[in-house]
Amino acid sequence: MAAKLNVSESLDCSDSSSSNDQSVSNRSSNRVAEKERQKNEAEDPFVLALKYFSDVEAGTPLNGNDDFEKNLVLVEKVAYSRGLPPEAISIMLEFAMSLRMGTTPVVRVLKCLIPASVVPQDAIVRAVVWLGISKIPTGTQVLFLKWVLTIFDMIDAKDQLRAVYGFIFSFVTDENLCPFICHLLYLLTRKESVRVFRVRKLLDLQSKLGRQPFLLHLLSLYKVFCPELVTLSIPSRMRSGFRNHNSPWKSALITVQKRNGSQLASSISQAVTLKAKTNSRKRKHWHLEIPALSSAVNKEAQTEPSRRKVVPLVQLQSFAQLLENMHRVEMPAQMGSLLGSSLALQYLDCVQDESALLRLNFWLGYALHEEFLFCSDGGASQNSEEALQLLDKLLSAHHFLQEGFSSSEAFLYKFLNVWDGSLLRPQILGLLSNIPVVPSSQIGRLLFEPLMQLFFTSSPFFKCGLMECLNNMLLKWLTWHSVYALEDDLDISLNSHTSINMTLSGFKDSVMELVHFVGRLATISLQLEGCHSLLFNFILDFYETVCDMFLKYGLPLIVMPPTGVFYPALLATDPVSVDRLAYIMYRYKVNLTSAKSQEKLTEQAFHISRQTFREFNNYLVFMVNCLWNSKMIHIGTDIQLGEELLLKSNVPQYWMSFDLIHHPAFMNYAVDFHRRCWPGRKDMDLNSIKHSKPWGWYLEYLFTQGYDGLKQFVQCNISRQLPAGDGAGDGQGKLSTDER
């Protein structure tokens, strides 16, 4: 036993000594590797170049300075190939803004500041300070601010920049810098940044410069945080306040990202792939790709939750976590990333953060207007996967929130005037169906005029898509009305984020304009396309919505279809169109009867015009006489033909041509029923179906074929109590709604 213990102890000792030797060996190898790395860095030309710019003294001459040229060329080569690390950004930015070698090399140095990953915040703060103490030319100052705006989302933190918010604000008095300073302030503003003296200064500038968009956008953000301080009326629709400046760093950022294979935290680096063949006059789709959801603070701040009261949205993984931290959520650095996160959209829907919506609308307006709407390369955007993904994400966000964004609405109003009807058609029509109610005084100019030009110069399939779009638009308008209408003052809030107030009469006028517009399109398109069956289907979809506006959506409005839709549907050759028209007329009667009964019982019910009753009764009488009473040509109806002309047609018993037996849509069913009812007959006499018992059987046979609309129409409007032995042609249609 003792021997075993001794052996065990000796083994332990040997293991311990070997582990100590190994640790000593590792430390020795680490020291050797560290010395080798330091030696390599000391010999690295790029490190030597950075050391040169870090140690160069103020007043060093530039002319004939070969060392400066050699080192700057080396830095430029590294910057454009793989980007500059944070330390290099700090050194080069400090060298440029301190004017150690004068103002000449500053522009060249600024243009090569291509970050490889992040930009140190302290370097930006020091450079901003240099703006106030050094004599930098105005053009160079503008270039520096453009660079800061370009790489803003790559800055590792923003707390120090917000600490010098007042110093940055002091530059707004410079007319040349004001647009860029306002843009930077817009990105840095928090509620604590809004002060009375700053609002007054912006208002003074506005009185001098006019209502400039960049001033209005900054004031609008101030008004969101402190509405009591900004009494200025901000326009509900403003064009993009901050221009998409042609930055020299964009293409270089894309190249660096592709070579490094990293995901840069900038919406500019999250861009589309550049084409091999470029054109300086063409705008590229830099901002079409949805950026990834990331925090606005650096990683060190994220790992210290005890020192911060906010929770980055990117750290939340479930709706339960979102509810727990609802009032401590920090918005991401890039507002466009909200479109790709269901949790972010849920936060917007629950909290209704006006500042977040303002930033998101600005991002959307920038992406859609500057990079998509005004792209001059025509077909390039047609093949752009990024454009397709952006619009799909935007549509998904619209469907999730059950409403659209004001920036996409403004984009559509402009885009419809230049759209060819084929570029990204499903996405554009989907966005169009989500726009809120447009006032009747503007709807013609904004929507109807461009859509009418597209409609009558396009294929039947585009016409079908537009009809479906307009039907969805009407459905959303009616849904908004039924949800947000207030009983007291009839004030309708059409958007839960941006309140658009409209009286009930104004809303009815807009809906009526839309219905009449679709009626005109439907009438002319059916003539142009020869009553195209698919087009007819979408037109009748629209009128199925229109006929139930009163009962289903509570809108006191009833609009009848035009004659150019009713009669082609009644005389159509396919039974589906006739059946759907019968269902529409049945629903019209139910709505009219209900409205009429309410009008008698209450004083607040809306009044139905005589013209509406007259149109409905004319349609109903003609439909009953045509399908049931075999009296297609009847005095007092809209269709009247001379007796001589009808005789010249040589059509036997022309008055029976469109009843339920001889109608072209139901002739096949009549023939099939005759063969089943009288299988032994060689001569087919369809008139024999009109006797009492066969007629009842024939109607049941039709109803079993799935024509529920026809069944409801017959049961609601026609008395089937016929004398024994009498034909169906002697039946009378019973009208429950009296003509006024």
# chains A, B, ... in the order shown; residues from 1 in each chain; ligands from 1
$ residues_around --residues "Tyr52 (chain A)" --least-positions-apart "6" --cutoff "9 Å" --atoms "only C-alpha atoms" --output "list of chain:residue names"
A:Asp67, A:Phe68, A:Asn71
$ residues_around --residues "Met549 (chain A)" --least-positions-apart "6" --cutoff "10 Å" --atoms "only C-alpha atoms" --output "JSON, numbers by chain"
{"A": [474, 475, 478, 543, 555, 556, 557, 558, 559, 588, 591]}
$ select_by_dssp --residues "region 461-562 of chain A" --states "strand (DSSP E or B)" --output "tab-separated table (two decimals) with N, CA and C atoms, in the first residue's frame"
chain	number	residue	atom	x	y	z
A	485	ALA	N	-64.12	56.36	-36.24
A	485	ALA	CA	-65.15	57.41	-36.25
A	485	ALA	C	-65.66	57.65	-34.84
A	492	ILE	N	-62.81	61.96	-37.64
A	492	ILE	CA	-62.21	60.69	-38.00
A	492	ILE	C	-60.70	60.82	-37.97
A	493	SER	N	-60.05	60.04	-37.10
A	493	SER	CA	-58.59	59.99	-37.09
A	493	SER	C	-58.17	58.84	-37.97
A	501	ASN	N	-57.47	64.88	-39.34
A	501	ASN	CA	-58.86	65.10	-38.96
A	501	ASN	C	-59.70	65.41	-40.19
A	502	MET	N	-60.84	64.76	-40.28
A	502	MET	CA	-61.73	64.95	-41.42
A	502	MET	C	-63.16	64.76	-40.95
$ closest_residue --among "A:Leu447, A:Met623, A:Met512, A:Ile428" --to "Val578 (chain A)" --atoms "only C-alpha atoms"
A:Met623
$ residues_around --residues "Glu544 (chain A)" --least-positions-apart "3" --cutoff "6 Å" --atoms "only C-alpha atoms" --output "MDAnalysis selection string"
chainID A and resid 541 547 584
$ residues_around --residues "Ala569 (chain A)" --least-positions-apart "5" --cutoff "10 Å" --atoms "only C-alpha atoms" --output "list in words"
Cys531, Ser533, Phe536, Asn537, Ile539, Leu540, Thr563, Gly564, Asp574, Pro575, Val576, Ser577, Val578, Asp579, Arg580, Leu581 and Ala582 of chain A
$ select_by_dssp --residues "region 679-729 of chain A" --states "alpha helix (DSSP H)" --output "PDB file with N, CA, C and O atoms, in the first residue's frame"
ATOM      1  N   SER A 692     -95.350  25.016 -64.354  1.00  0.00           N
ATOM      2  CA  SER A 692     -95.158  25.236 -62.915  1.00  0.00           C
ATOM      3  C   SER A 692     -94.167  24.266 -62.280  1.00  0.00           C
ATOM      4  O   SER A 692     -93.162  24.679 -61.688  1.00  0.00           O
ATOM      5  N   LYS A 693     -94.439  22.965 -62.392  1.00  0.00           N
ATOM      6  CA  LYS A 693     -93.564  22.010 -61.718  1.00  0.00           C
ATOM      7  C   LYS A 693     -92.161  21.976 -62.322  1.00  0.00           C
ATOM      8  O   LYS A 693     -91.168  22.049 -61.579  1.00  0.00           O
ATOM      9  N   PRO A 694     -92.010  21.855 -63.659  1.00  0.00           N
ATOM     10  CA  PRO A 694     -90.644  21.877 -64.219  1.00  0.00           C
ATOM     11  C   PRO A 694     -89.898  23.176 -63.888  1.00  0.00           C
ATOM     12  O   PRO A 694     -88.683  23.147 -63.687  1.00  0.00           O
ATOM     13  N   TRP A 695     -90.634  24.290 -63.841  1.00  0.00           N
ATOM     14  CA  TRP A 695     -89.973  25.559 -63.537  1.00  0.00           C
ATOM     15  C   TRP A 695     -89.386  25.564 -62.112  1.00  0.00           C
ATOM     16  O   TRP A 695     -88.260  25.996 -61.895  1.00  0.00           O
ATOM     17  N   GLY A 696     -90.157  25.048 -61.156  1.00  0.00           N
ATOM     18  CA  GLY A 696     -89.633  24.963 -59.791  1.00  0.00           C
ATOM     19  C   GLY A 696     -88.435  24.036 -59.707  1.00  0.00           C
ATOM     20  O   GLY A 696     -87.447  24.325 -59.013  1.00  0.00           O
ATOM     21  N   TRP A 697     -88.536  22.899 -60.445  1.00  0.00           N
ATOM     22  CA  TRP A 697     -87.395  21.974 -60.450  1.00  0.00           C
ATOM     23  C   TRP A 697     -86.161  22.619 -61.091  1.00  0.00           C
ATOM     24  O   TRP A 697     -85.037  22.414 -60.633  1.00  0.00           O
ATOM     25  N   TYR A 698     -86.393  23.371 -62.148  1.00  0.00           N
ATOM     26  CA  TYR A 698     -85.269  23.999 -62.854  1.00  0.00           C
ATOM     27  C   TYR A 698     -84.571  25.020 -61.952  1.00  0.00           C
ATOM     28  O   TYR A 698     -83.328  25.108 -61.934  1.00  0.00           O
ATOM     29  N   LEU A 699     -85.362  25.795 -61.193  1.00  0.00           N
ATOM     30  CA  LEU A 699     -84.748  26.759 -60.288  1.00  0.00           C
ATOM     31  C   LEU A 699     -83.917  26.056 -59.219  1.00  0.00           C
ATOM     32  O   LEU A 699     -82.790  26.484 -58.910  1.00  0.00           O
ATOM     33  N   GLU A 700     -84.446  24.983 -58.658  1.00  0.00           N
ATOM     34  CA  GLU A 700     -83.682  24.241 -57.662  1.00  0.00           C
ATOM     35  C   GLU A 700     -82.418  23.653 -58.279  1.00  0.00           C
ATOM     36  O   GLU A 700     -81.360  23.609 -57.636  1.00  0.00           O
ATOM     37  N   TYR A 701     -82.522  23.227 -59.526  1.00  0.00           N
ATOM     38  CA  TYR A 701     -81.354  22.690 -60.227  1.00  0.00           C
ATOM     39  C   TYR A 701     -80.278  23.771 -60.388  1.00  0.00           C
ATOM     40  O   TYR A 701     -79.079  23.512 -60.175  1.00  0.00           O
ATOM     41  N   LEU A 702     -80.705  24.984 -60.752  1.00  0.00           N
ATOM     42  CA  LEU A 702     -79.740  26.082 -60.887  1.00  0.00           C
ATOM     43  C   LEU A 702     -79.095  26.411 -59.542  1.00  0.00           C
ATOM     44  O   LEU A 702     -77.880  26.636 -59.459  1.00  0.00           O
ATOM     45  N   PHE A 703     -79.920  26.427 -58.489  1.00  0.00           N
ATOM     46  CA  PHE A 703     -79.386  26.798 -57.187  1.00  0.00           C
ATOM     47  C   PHE A 703     -78.386  25.770 -56.672  1.00  0.00           C
ATOM     48  O   PHE A 703     -77.450  26.113 -55.943  1.00  0.00           O
ATOM     49  N   ASP A 708     -75.501  30.974 -55.431  1.00  0.00           N
ATOM     50  CA  ASP A 708     -76.194  31.440 -54.234  1.00  0.00           C
ATOM     51  C   ASP A 708     -76.686  32.874 -54.387  1.00  0.00           C
ATOM     52  O   ASP A 708     -77.703  33.252 -53.802  1.00  0.00           O
ATOM     53  N   GLY A 709     -75.941  33.696 -55.128  1.00  0.00           N
ATOM     54  CA  GLY A 709     -76.380  35.069 -55.338  1.00  0.00           C
ATOM     55  C   GLY A 709     -77.696  35.132 -56.082  1.00  0.00           C
ATOM     56  O   GLY A 709     -78.597  35.914 -55.716  1.00  0.00           O
ATOM     57  N   LEU A 710     -77.851  34.314 -57.098  1.00  0.00           N
ATOM     58  CA  LEU A 710     -79.102  34.252 -57.851  1.00  0.00           C
ATOM     59  C   LEU A 710     -80.233  33.745 -56.962  1.00  0.00           C
ATOM     60  O   LEU A 710     -81.368  34.246 -57.025  1.00  0.00           O
ATOM     61  N   LYS A 711     -79.927  32.777 -56.111  1.00  0.00           N
ATOM     62  CA  LYS A 711     -80.936  32.231 -55.210  1.00  0.00           C
ATOM     63  C   LYS A 711     -81.436  33.298 -54.241  1.00  0.00           C
ATOM     64  O   LYS A 711     -82.654  33.456 -54.036  1.00  0.00           O
ATOM     65  N   GLN A 712     -80.497  34.061 -53.647  1.00  0.00           N
ATOM     66  CA  GLN A 712     -80.902  35.108 -52.705  1.00  0.00           C
ATOM     67  C   GLN A 712     -81.687  36.214 -53.409  1.00  0.00           C
ATOM     68  O   GLN A 712     -82.648  36.758 -52.851  1.00  0.00           O
ATOM     69  N   PHE A 713     -81.290  36.540 -54.628  1.00  0.00           N
ATOM     70  CA  PHE A 713     -81.997  37.569 -55.381  1.00  0.00           C
ATOM     71  C   PHE A 713     -83.431  37.141 -55.670  1.00  0.00           C
ATOM     72  O   PHE A 713     -84.381  37.921 -55.497  1.00  0.00           O
ATOM     73  N   VAL A 714     -83.620  35.898 -56.101  1.00  0.00           N
ATOM     74  CA  VAL A 714     -84.956  35.403 -56.433  1.00  0.00           C
ATOM     75  C   VAL A 714     -85.824  35.340 -55.178  1.00  0.00           C
ATOM     76  O   VAL A 714     -86.988  35.763 -55.185  1.00  0.00           O
ATOM     77  N   GLN A 715     -85.279  34.816 -54.087  1.00  0.00           N
ATOM     78  CA  GLN A 715     -86.059  34.690 -52.870  1.00  0.00           C
ATOM     79  C   GLN A 715     -86.440  36.046 -52.286  1.00  0.00           C
ATOM     80  O   GLN A 715     -87.490  36.183 -51.651  1.00  0.00           O
ATOM     81  N   CYS A 716     -85.616  37.055 -52.506  1.00  0.00           N
ATOM     82  CA  CYS A 716     -85.854  38.369 -51.913  1.00  0.00           C
ATOM     83  C   CYS A 716     -86.783  39.232 -52.765  1.00  0.00           C
ATOM     84  O   CYS A 716     -87.550  40.035 -52.219  1.00  0.00           O
ATOM     85  N   ASN A 717     -86.738  39.078 -54.081  1.00  0.00           N
ATOM     86  CA  ASN A 717     -87.404  40.045 -54.954  1.00  0.00           C
ATOM     87  C   ASN A 717     -88.561  39.486 -55.778  1.00  0.00           C
ATOM     88  O   ASN A 717     -89.331  40.266 -56.336  1.00  0.00           O
TER      89      ASN A 717
END
$ closest_residue --among "A:Phe448, A:Trp628, A:Phe362, A:Phe400" --to "Leu339 (chain A)" --atoms "only C-alpha atoms"
A:Phe400
$ atom_distance --atom1 "CA of Ser525 (chain A)" --atom2 "CA of His662 (chain A)"
27.4 Å
$ closest_residue --among "A:Phe415, A:Pro115, A:Gln427, A:Val256" --to "Lys393 (chain A)" --atoms "only C-alpha atoms"
A:Gln427
$ residues_around --residues "Pro45 (chain A)" --least-positions-apart "4" --cutoff "9 Å" --atoms "only C-alpha atoms" --output "JSON, numbers by chain"
{"A": [41, 49, 50, 71, 74]}
$ write_last_selection --atoms "N, CA and C atoms" --output "compact mmCIF listing (two decimals), in the first residue's frame"
# COMPACT_ATOMS: atom_id res chain seq x y z
N GLU A 41 5.68 45.28 -36.65
CA GLU A 41 4.95 46.55 -36.70
C GLU A 41 5.89 47.73 -36.87
N ALA A 49 4.20 55.25 -41.56
CA ALA A 49 3.51 56.40 -42.14
C ALA A 49 2.61 57.07 -41.11
N LEU A 50 1.88 56.29 -40.34
CA LEU A 50 1.03 56.87 -39.29
C LEU A 50 1.88 57.58 -38.24
N ASN A 71 4.32 59.02 -47.60
CA ASN A 71 3.51 58.47 -46.50
C ASN A 71 2.01 58.62 -46.77
N LEU A 74 0.87 56.01 -49.20
CA LEU A 74 0.76 54.71 -48.53
C LEU A 74 -0.53 54.61 -47.72
